[in-house]
Structure formats: C-alpha cells, structure tokens
Amino acid sequence: MFLTLAIIALSYLLGSIPWGLLLSSAAGLGDIRKIGSGNIGATNVLRTGNKKLAALTLLLDALKGAAAVLIARQVAPSLEQAAALFAALGHMFPLWLGFKGGKGVAT
C-alpha cells in the first residue's frame, strides 16, 4: 500500500512541474497563463512566437510523464499505468497553480 501511494504521489508531483510557465518566465516572456488559452503547455508557449521554447516545453512535458512511468517500471511494474495517469493529472491539475494546468496531451 505504501509503495502504491508513493508512486502515485511521485508521479503526480513530477507531472505537476509547470515547464511551460517556468521556461516562459525564465525567457522573459512573463506569465504564459495571461495569453492565448491560459494553459501552461507547449501549445500556449508556441503562441508567444518562440518555437524553440515551445519545442523544449513539449519535450520536457513528455519526459516528465515518461520519467514517472520508468520509475514505476523499476520499482513496481504493475503501477506503470497508475504512474502515467497521475503524471497526466498532475499536469492538468497542478497543486502549485491552484489546480489549473495544461491539457495533458504531451504528458
């Protein structure tokens, strides 16, 4: 039971890393949530006109989902699907952003 909860929590936390918001802020583009759809994902980052930053956001969003699954595969292979689900839920409903995130497509 503890292992299941740990994988779920870790997957959610990995998924909740708002790469689009972090990268756009670091690039001096401001709060990505104030333009376009208001989402934190790669599609909204692309609306800033910065294709490289959007591609990096897409890659990092995909990698956080993959990381959750790969960690689960090493620790408890039966929890891979739960890890994928909770990484996507973390992206869509991140605790850090008032449960308002992206669409979860890349994750």
# chains A, B, ... in the order shown; residues from 1 in each chain; ligands from 1
call {"tool": "residues_around", "arguments": {"residues": "A:Ala72", "least_positions_apart": "2", "cutoff": "10 Å", "atoms": "only C-alpha atoms", "output": "number ranges by chain"}}
result
A: 3-4, 6-8, 10-11, 66-70, 74-84
call {"tool": "write_last_selection", "arguments": {"atoms": "N, CA and C atoms", "output": "PDB file, in the first residue's frame"}}
result
ATOM      1  N   LEU A   3       3.894   1.604  -1.101  1.00  0.00           N
ATOM      2  CA  LEU A   3       4.554   1.723  -2.399  1.00  0.00           C
ATOM      3  C   LEU A   3       3.606   2.319  -3.439  1.00  0.00           C
ATOM      4  N   THR A   4       2.373   1.885  -3.444  1.00  0.00           N
ATOM      5  CA  THR A   4       1.378   2.409  -4.377  1.00  0.00           C
ATOM      6  C   THR A   4       1.181   3.904  -4.155  1.00  0.00           C
ATOM      7  N   ALA A   6       3.222   5.985  -2.742  1.00  0.00           N
ATOM      8  CA  ALA A   6       4.463   6.691  -3.067  1.00  0.00           C
ATOM      9  C   ALA A   6       4.598   6.903  -4.574  1.00  0.00           C
ATOM     10  N   ILE A   7       4.292   5.889  -5.361  1.00  0.00           N
ATOM     11  CA  ILE A   7       4.363   6.011  -6.826  1.00  0.00           C
ATOM     12  C   ILE A   7       3.336   7.027  -7.319  1.00  0.00           C
ATOM     13  N   ILE A   8       2.133   6.966  -6.775  1.00  0.00           N
ATOM     14  CA  ILE A   8       1.081   7.909  -7.165  1.00  0.00           C
ATOM     15  C   ILE A   8       1.503   9.343  -6.828  1.00  0.00           C
ATOM     16  N   LEU A  10       4.581  10.559  -6.247  1.00  0.00           N
ATOM     17  CA  LEU A  10       5.741  10.966  -7.039  1.00  0.00           C
ATOM     18  C   LEU A  10       5.339  11.287  -8.478  1.00  0.00           C
ATOM     19  N   SER A  11       4.482  10.474  -9.049  1.00  0.00           N
ATOM     20  CA  SER A  11       4.028  10.687 -10.416  1.00  0.00           C
ATOM     21  C   SER A  11       3.255  11.989 -10.535  1.00  0.00           C
ATOM     22  N   ALA A  66       7.148  10.298 -19.002  1.00  0.00           N
ATOM     23  CA  ALA A  66       7.979   9.116 -19.222  1.00  0.00           C
ATOM     24  C   ALA A  66       8.781   8.775 -17.967  1.00  0.00           C
ATOM     25  N   ALA A  67       9.289   9.787 -17.289  1.00  0.00           N
ATOM     26  CA  ALA A  67      10.073   9.550 -16.070  1.00  0.00           C
ATOM     27  C   ALA A  67       9.224   8.858 -15.005  1.00  0.00           C
ATOM     28  N   ALA A  68       8.000   9.305 -14.851  1.00  0.00           N
ATOM     29  CA  ALA A  68       7.109   8.682 -13.861  1.00  0.00           C
ATOM     30  C   ALA A  68       6.896   7.210 -14.182  1.00  0.00           C
ATOM     31  N   VAL A  69       6.666   6.900 -15.453  1.00  0.00           N
ATOM     32  CA  VAL A  69       6.436   5.508 -15.860  1.00  0.00           C
ATOM     33  C   VAL A  69       7.704   4.679 -15.694  1.00  0.00           C
ATOM     34  N   LEU A  70       8.848   5.235 -16.079  1.00  0.00           N
ATOM     35  CA  LEU A  70      10.106   4.486 -15.959  1.00  0.00           C
ATOM     36  C   LEU A  70      10.472   4.215 -14.502  1.00  0.00           C
ATOM     37  N   GLN A  74      10.701   0.378 -12.679  1.00  0.00           N
ATOM     38  CA  GLN A  74      11.835  -0.135 -11.902  1.00  0.00           C
ATOM     39  C   GLN A  74      11.405  -0.592 -10.509  1.00  0.00           C
ATOM     40  N   VAL A  75      10.460   0.105  -9.928  1.00  0.00           N
ATOM     41  CA  VAL A  75      10.075  -0.146  -8.544  1.00  0.00           C
ATOM     42  C   VAL A  75       8.907  -1.120  -8.438  1.00  0.00           C
ATOM     43  N   ALA A  76       7.885  -0.885  -9.250  1.00  0.00           N
ATOM     44  CA  ALA A  76       6.668  -1.707  -9.187  1.00  0.00           C
ATOM     45  C   ALA A  76       6.008  -1.710 -10.565  1.00  0.00           C
ATOM     46  N   PRO A  77       6.418  -2.627 -11.440  1.00  0.00           N
ATOM     47  CA  PRO A  77       5.908  -2.632 -12.822  1.00  0.00           C
ATOM     48  C   PRO A  77       4.387  -2.644 -12.935  1.00  0.00           C
ATOM     49  N   SER A  78       3.709  -3.173 -11.969  1.00  0.00           N
ATOM     50  CA  SER A  78       2.247  -3.215 -12.035  1.00  0.00           C
ATOM     51  C   SER A  78       1.622  -1.817 -11.882  1.00  0.00           C
ATOM     52  N   LEU A  79       2.425  -0.839 -11.500  1.00  0.00           N
ATOM     53  CA  LEU A  79       1.908   0.517 -11.274  1.00  0.00           C
ATOM     54  C   LEU A  79       2.232   1.482 -12.415  1.00  0.00           C
ATOM     55  N   GLU A  80       2.709   0.967 -13.547  1.00  0.00           N
ATOM     56  CA  GLU A  80       3.070   1.836 -14.674  1.00  0.00           C
ATOM     57  C   GLU A  80       1.881   2.665 -15.160  1.00  0.00           C
ATOM     58  N   GLN A  81       0.736   2.040 -15.302  1.00  0.00           N
ATOM     59  CA  GLN A  81      -0.443   2.767 -15.795  1.00  0.00           C
ATOM     60  C   GLN A  81      -0.899   3.822 -14.791  1.00  0.00           C
ATOM     61  N   ALA A  82      -0.840   3.504 -13.520  1.00  0.00           N
ATOM     62  CA  ALA A  82      -1.199   4.488 -12.493  1.00  0.00           C
ATOM     63  C   ALA A  82      -0.232   5.663 -12.530  1.00  0.00           C
ATOM     64  N   ALA A  83       1.053   5.372 -12.740  1.00  0.00           N
ATOM     65  CA  ALA A  83       2.056   6.440 -12.827  1.00  0.00           C
ATOM     66  C   ALA A  83       1.768   7.359 -14.009  1.00  0.00           C
ATOM     67  N   ALA A  84       1.431   6.776 -15.152  1.00  0.00           N
ATOM     68  CA  ALA A  84       1.105   7.571 -16.333  1.00  0.00           C
ATOM     69  C   ALA A  84      -0.121   8.445 -16.073  1.00  0.00           C
TER      70      ALA A  84
END
call {"tool": "select_by_dssp", "arguments": {"residues": "chain A", "states": "alpha helix (DSSP H)", "output": "ChimeraX atom specification"}}
result
/A:2-15,19-26,42-46,51-75,80-92
call {"tool": "closest_residue", "arguments": {"among": "A:Leu13, A:Leu58, A:Ala26, A:Leu5", "to": "A:Asn44", "atoms": "only C-alpha atoms"}}
result
A:Leu58
call {"tool": "residues_around", "arguments": {"residues": "stretch 20-22 of chain A", "least_positions_apart": "2", "cutoff": "9 Å", "atoms": "only C-alpha atoms", "output": "PDB file with N, CA and C atoms, in the first residue's frame"}}
result
ATOM      1  N   ILE A  17       5.062  19.645 -12.512  1.00  0.00           N
ATOM      2  CA  ILE A  17       6.097  20.636 -12.811  1.00  0.00           C
ATOM      3  C   ILE A  17       5.628  21.444 -14.025  1.00  0.00           C
ATOM      4  N   PRO A  18       5.393  22.748 -13.861  1.00  0.00           N
ATOM      5  CA  PRO A  18       4.838  23.560 -14.948  1.00  0.00           C
ATOM      6  C   PRO A  18       5.926  24.087 -15.897  1.00  0.00           C
ATOM      7  N   SER A  24       8.889  29.921 -19.930  1.00  0.00           N
ATOM      8  CA  SER A  24       8.497  31.219 -20.481  1.00  0.00           C
ATOM      9  C   SER A  24       8.887  32.351 -19.524  1.00  0.00           C
ATOM     10  N   SER A  25       8.771  32.121 -18.239  1.00  0.00           N
ATOM     11  CA  SER A  25       9.200  33.130 -17.265  1.00  0.00           C
ATOM     12  C   SER A  25      10.707  33.336 -17.325  1.00  0.00           C
ATOM     13  N   ALA A  26      11.449  32.226 -17.406  1.00  0.00           N
ATOM     14  CA  ALA A  26      12.908  32.317 -17.480  1.00  0.00           C
ATOM     15  C   ALA A  26      13.376  33.020 -18.755  1.00  0.00           C
ATOM     16  N   ALA A  27      12.598  32.890 -19.827  1.00  0.00           N
ATOM     17  CA  ALA A  27      12.948  33.528 -21.102  1.00  0.00           C
ATOM     18  C   ALA A  27      12.493  34.984 -21.150  1.00  0.00           C
ATOM     19  N   GLY A  30       7.171  36.448 -19.456  1.00  0.00           N
ATOM     20  CA  GLY A  30       6.121  36.688 -18.473  1.00  0.00           C
ATOM     21  C   GLY A  30       5.309  35.444 -18.167  1.00  0.00           C
ATOM     22  N   ASP A  31       4.136  35.672 -17.643  1.00  0.00           N
ATOM     23  CA  ASP A  31       3.237  34.594 -17.231  1.00  0.00           C
ATOM     24  C   ASP A  31       2.467  34.080 -18.441  1.00  0.00           C
ATOM     25  N   ILE A  32       2.755  32.871 -18.852  1.00  0.00           N
ATOM     26  CA  ILE A  32       2.143  32.251 -20.031  1.00  0.00           C
ATOM     27  C   ILE A  32       0.631  32.098 -19.872  1.00  0.00           C
ATOM     28  N   ARG A  33       0.169  32.094 -18.648  1.00  0.00           N
ATOM     29  CA  ARG A  33      -1.262  31.922 -18.387  1.00  0.00           C
ATOM     30  C   ARG A  33      -2.080  33.166 -18.748  1.00  0.00           C
ATOM     31  N   ASN A  39      -3.434  28.188 -20.717  1.00  0.00           N
ATOM     32  CA  ASN A  39      -2.830  26.932 -20.266  1.00  0.00           C
ATOM     33  C   ASN A  39      -1.319  27.086 -20.144  1.00  0.00           C
ATOM     34  N   ILE A  40      -0.691  26.117 -19.495  1.00  0.00           N
ATOM     35  CA  ILE A  40       0.750  26.169 -19.249  1.00  0.00           C
ATOM     36  C   ILE A  40       1.537  25.281 -20.211  1.00  0.00           C
ATOM     37  N   GLY A  41       0.875  24.702 -21.180  1.00  0.00           N
ATOM     38  CA  GLY A  41       1.515  23.733 -22.061  1.00  0.00           C
ATOM     39  C   GLY A  41       2.209  24.332 -23.268  1.00  0.00           C
ATOM     40  N   ALA A  42       2.762  23.447 -24.084  1.00  0.00           N
ATOM     41  CA  ALA A  42       3.573  23.823 -25.238  1.00  0.00           C
ATOM     42  C   ALA A  42       2.790  24.607 -26.284  1.00  0.00           C
ATOM     43  N   ASN A  44       0.406  26.732 -25.862  1.00  0.00           N
ATOM     44  CA  ASN A  44       0.295  28.126 -25.446  1.00  0.00           C
ATOM     45  C   ASN A  44       1.654  28.819 -25.485  1.00  0.00           C
ATOM     46  N   VAL A  45       2.722  28.114 -25.185  1.00  0.00           N
ATOM     47  CA  VAL A  45       4.062  28.690 -25.303  1.00  0.00           C
ATOM     48  C   VAL A  45       4.329  29.046 -26.767  1.00  0.00           C
ATOM     49  N   LEU A  53      11.333  27.417 -27.640  1.00  0.00           N
ATOM     50  CA  LEU A  53      10.853  27.284 -26.271  1.00  0.00           C
ATOM     51  C   LEU A  53       9.635  26.370 -26.215  1.00  0.00           C
ATOM     52  N   ALA A  54       8.778  26.459 -27.211  1.00  0.00           N
ATOM     53  CA  ALA A  54       7.604  25.580 -27.274  1.00  0.00           C
ATOM     54  C   ALA A  54       8.035  24.126 -27.451  1.00  0.00           C
ATOM     55  N   LEU A  56      10.913  22.820 -26.533  1.00  0.00           N
ATOM     56  CA  LEU A  56      11.528  22.387 -25.275  1.00  0.00           C
ATOM     57  C   LEU A  56      10.451  22.080 -24.231  1.00  0.00           C
ATOM     58  N   THR A  57       9.412  22.895 -24.189  1.00  0.00           N
ATOM     59  CA  THR A  57       8.294  22.643 -23.279  1.00  0.00           C
ATOM     60  C   THR A  57       7.636  21.305 -23.598  1.00  0.00           C
ATOM     61  N   LEU A  58       7.394  21.059 -24.877  1.00  0.00           N
ATOM     62  CA  LEU A  58       6.789  19.798 -25.308  1.00  0.00           C
ATOM     63  C   LEU A  58       7.659  18.613 -24.885  1.00  0.00           C
ATOM     64  N   LEU A  60       9.992  18.474 -22.464  1.00  0.00           N
ATOM     65  CA  LEU A  60      10.038  18.312 -21.004  1.00  0.00           C
ATOM     66  C   LEU A  60       8.711  17.807 -20.441  1.00  0.00           C
ATOM     67  N   ASP A  61       7.595  18.243 -21.025  1.00  0.00           N
ATOM     68  CA  ASP A  61       6.293  17.724 -20.579  1.00  0.00           C
ATOM     69  C   ASP A  61       6.174  16.232 -20.880  1.00  0.00           C
TER      70      ASP A  61
END
call {"tool": "residues_around", "arguments": {"residues": "A:Gly15", "least_positions_apart": "3", "cutoff": "6 Å", "atoms": "only C-alpha atoms", "output": "mmCIF file with N, CA and C atoms, in the first residue's frame"}}
result
data_model
loop_
_atom_site.group_PDB
_atom_site.id
_atom_site.type_symbol
_atom_site.label_atom_id
_atom_site.label_comp_id
_atom_site.auth_asym_id
_atom_site.auth_seq_id
_atom_site.Cartn_x
_atom_site.Cartn_y
_atom_site.Cartn_z
ATOM 1 N N TYR A 12 2.371 12.243 -9.589
ATOM 2 C CA TYR A 12 1.613 13.490 -9.586
ATOM 3 C C TYR A 12 2.557 14.688 -9.477
ATOM 4 N N LYS A 64 8.514 14.255 -18.393
ATOM 5 C CA LYS A 64 8.065 14.089 -17.006
ATOM 6 C C LYS A 64 7.076 12.927 -16.892
ATOM 7 N N ALA A 87 0.720 11.264 -13.539
ATOM 8 C CA ALA A 87 1.583 12.291 -14.133
ATOM 9 C C ALA A 87 0.736 13.224 -15.000
ATOM 10 N N ALA A 88 -0.166 12.667 -15.789
ATOM 11 C CA ALA A 88 -1.053 13.493 -16.621
ATOM 12 C C ALA A 88 -1.980 14.338 -15.745
ATOM 13 N N GLY A 90 -1.341 15.374 -12.775
ATOM 14 C CA GLY A 90 -0.504 16.413 -12.185
ATOM 15 C C GLY A 90 -0.304 17.579 -13.131
ATOM 16 N N HIS A 91 -0.168 17.279 -14.424
ATOM 17 C CA HIS A 91 -0.016 18.344 -15.411
ATOM 18 C C HIS A 91 -1.314 19.134 -15.580
#
call {"tool": "closest_residue", "arguments": {"among": "A:Gly38, A:Arg73, A:Lys52, A:Trp19", "to": "A:Thr107", "atoms": "only C-alpha atoms"}}
result
A:Trp19
call {"tool": "atom_distance", "arguments": {"atom1": "atom CA of A:Phe86", "atom2": "atom CA of A:Leu63"}}
result
14.0 Å
call {"tool": "atom_distance", "arguments": {"atom1": "atom CA of A:Ala62", "atom2": "atom CA of A:Leu14"}}
result
10.9 Å
call {"tool": "closest_residue", "arguments": {"among": "A:Ala9, A:Thr48, A:Leu23, A:Ser16", "to": "A:Met92", "atoms": "only C-alpha atoms"}}
result
A:Ser16
call {"tool": "atom_distance", "arguments": {"atom1": "atom CA of A:Gly36", "atom2": "atom CA of A:Gly65"}}
result
24.2 Å
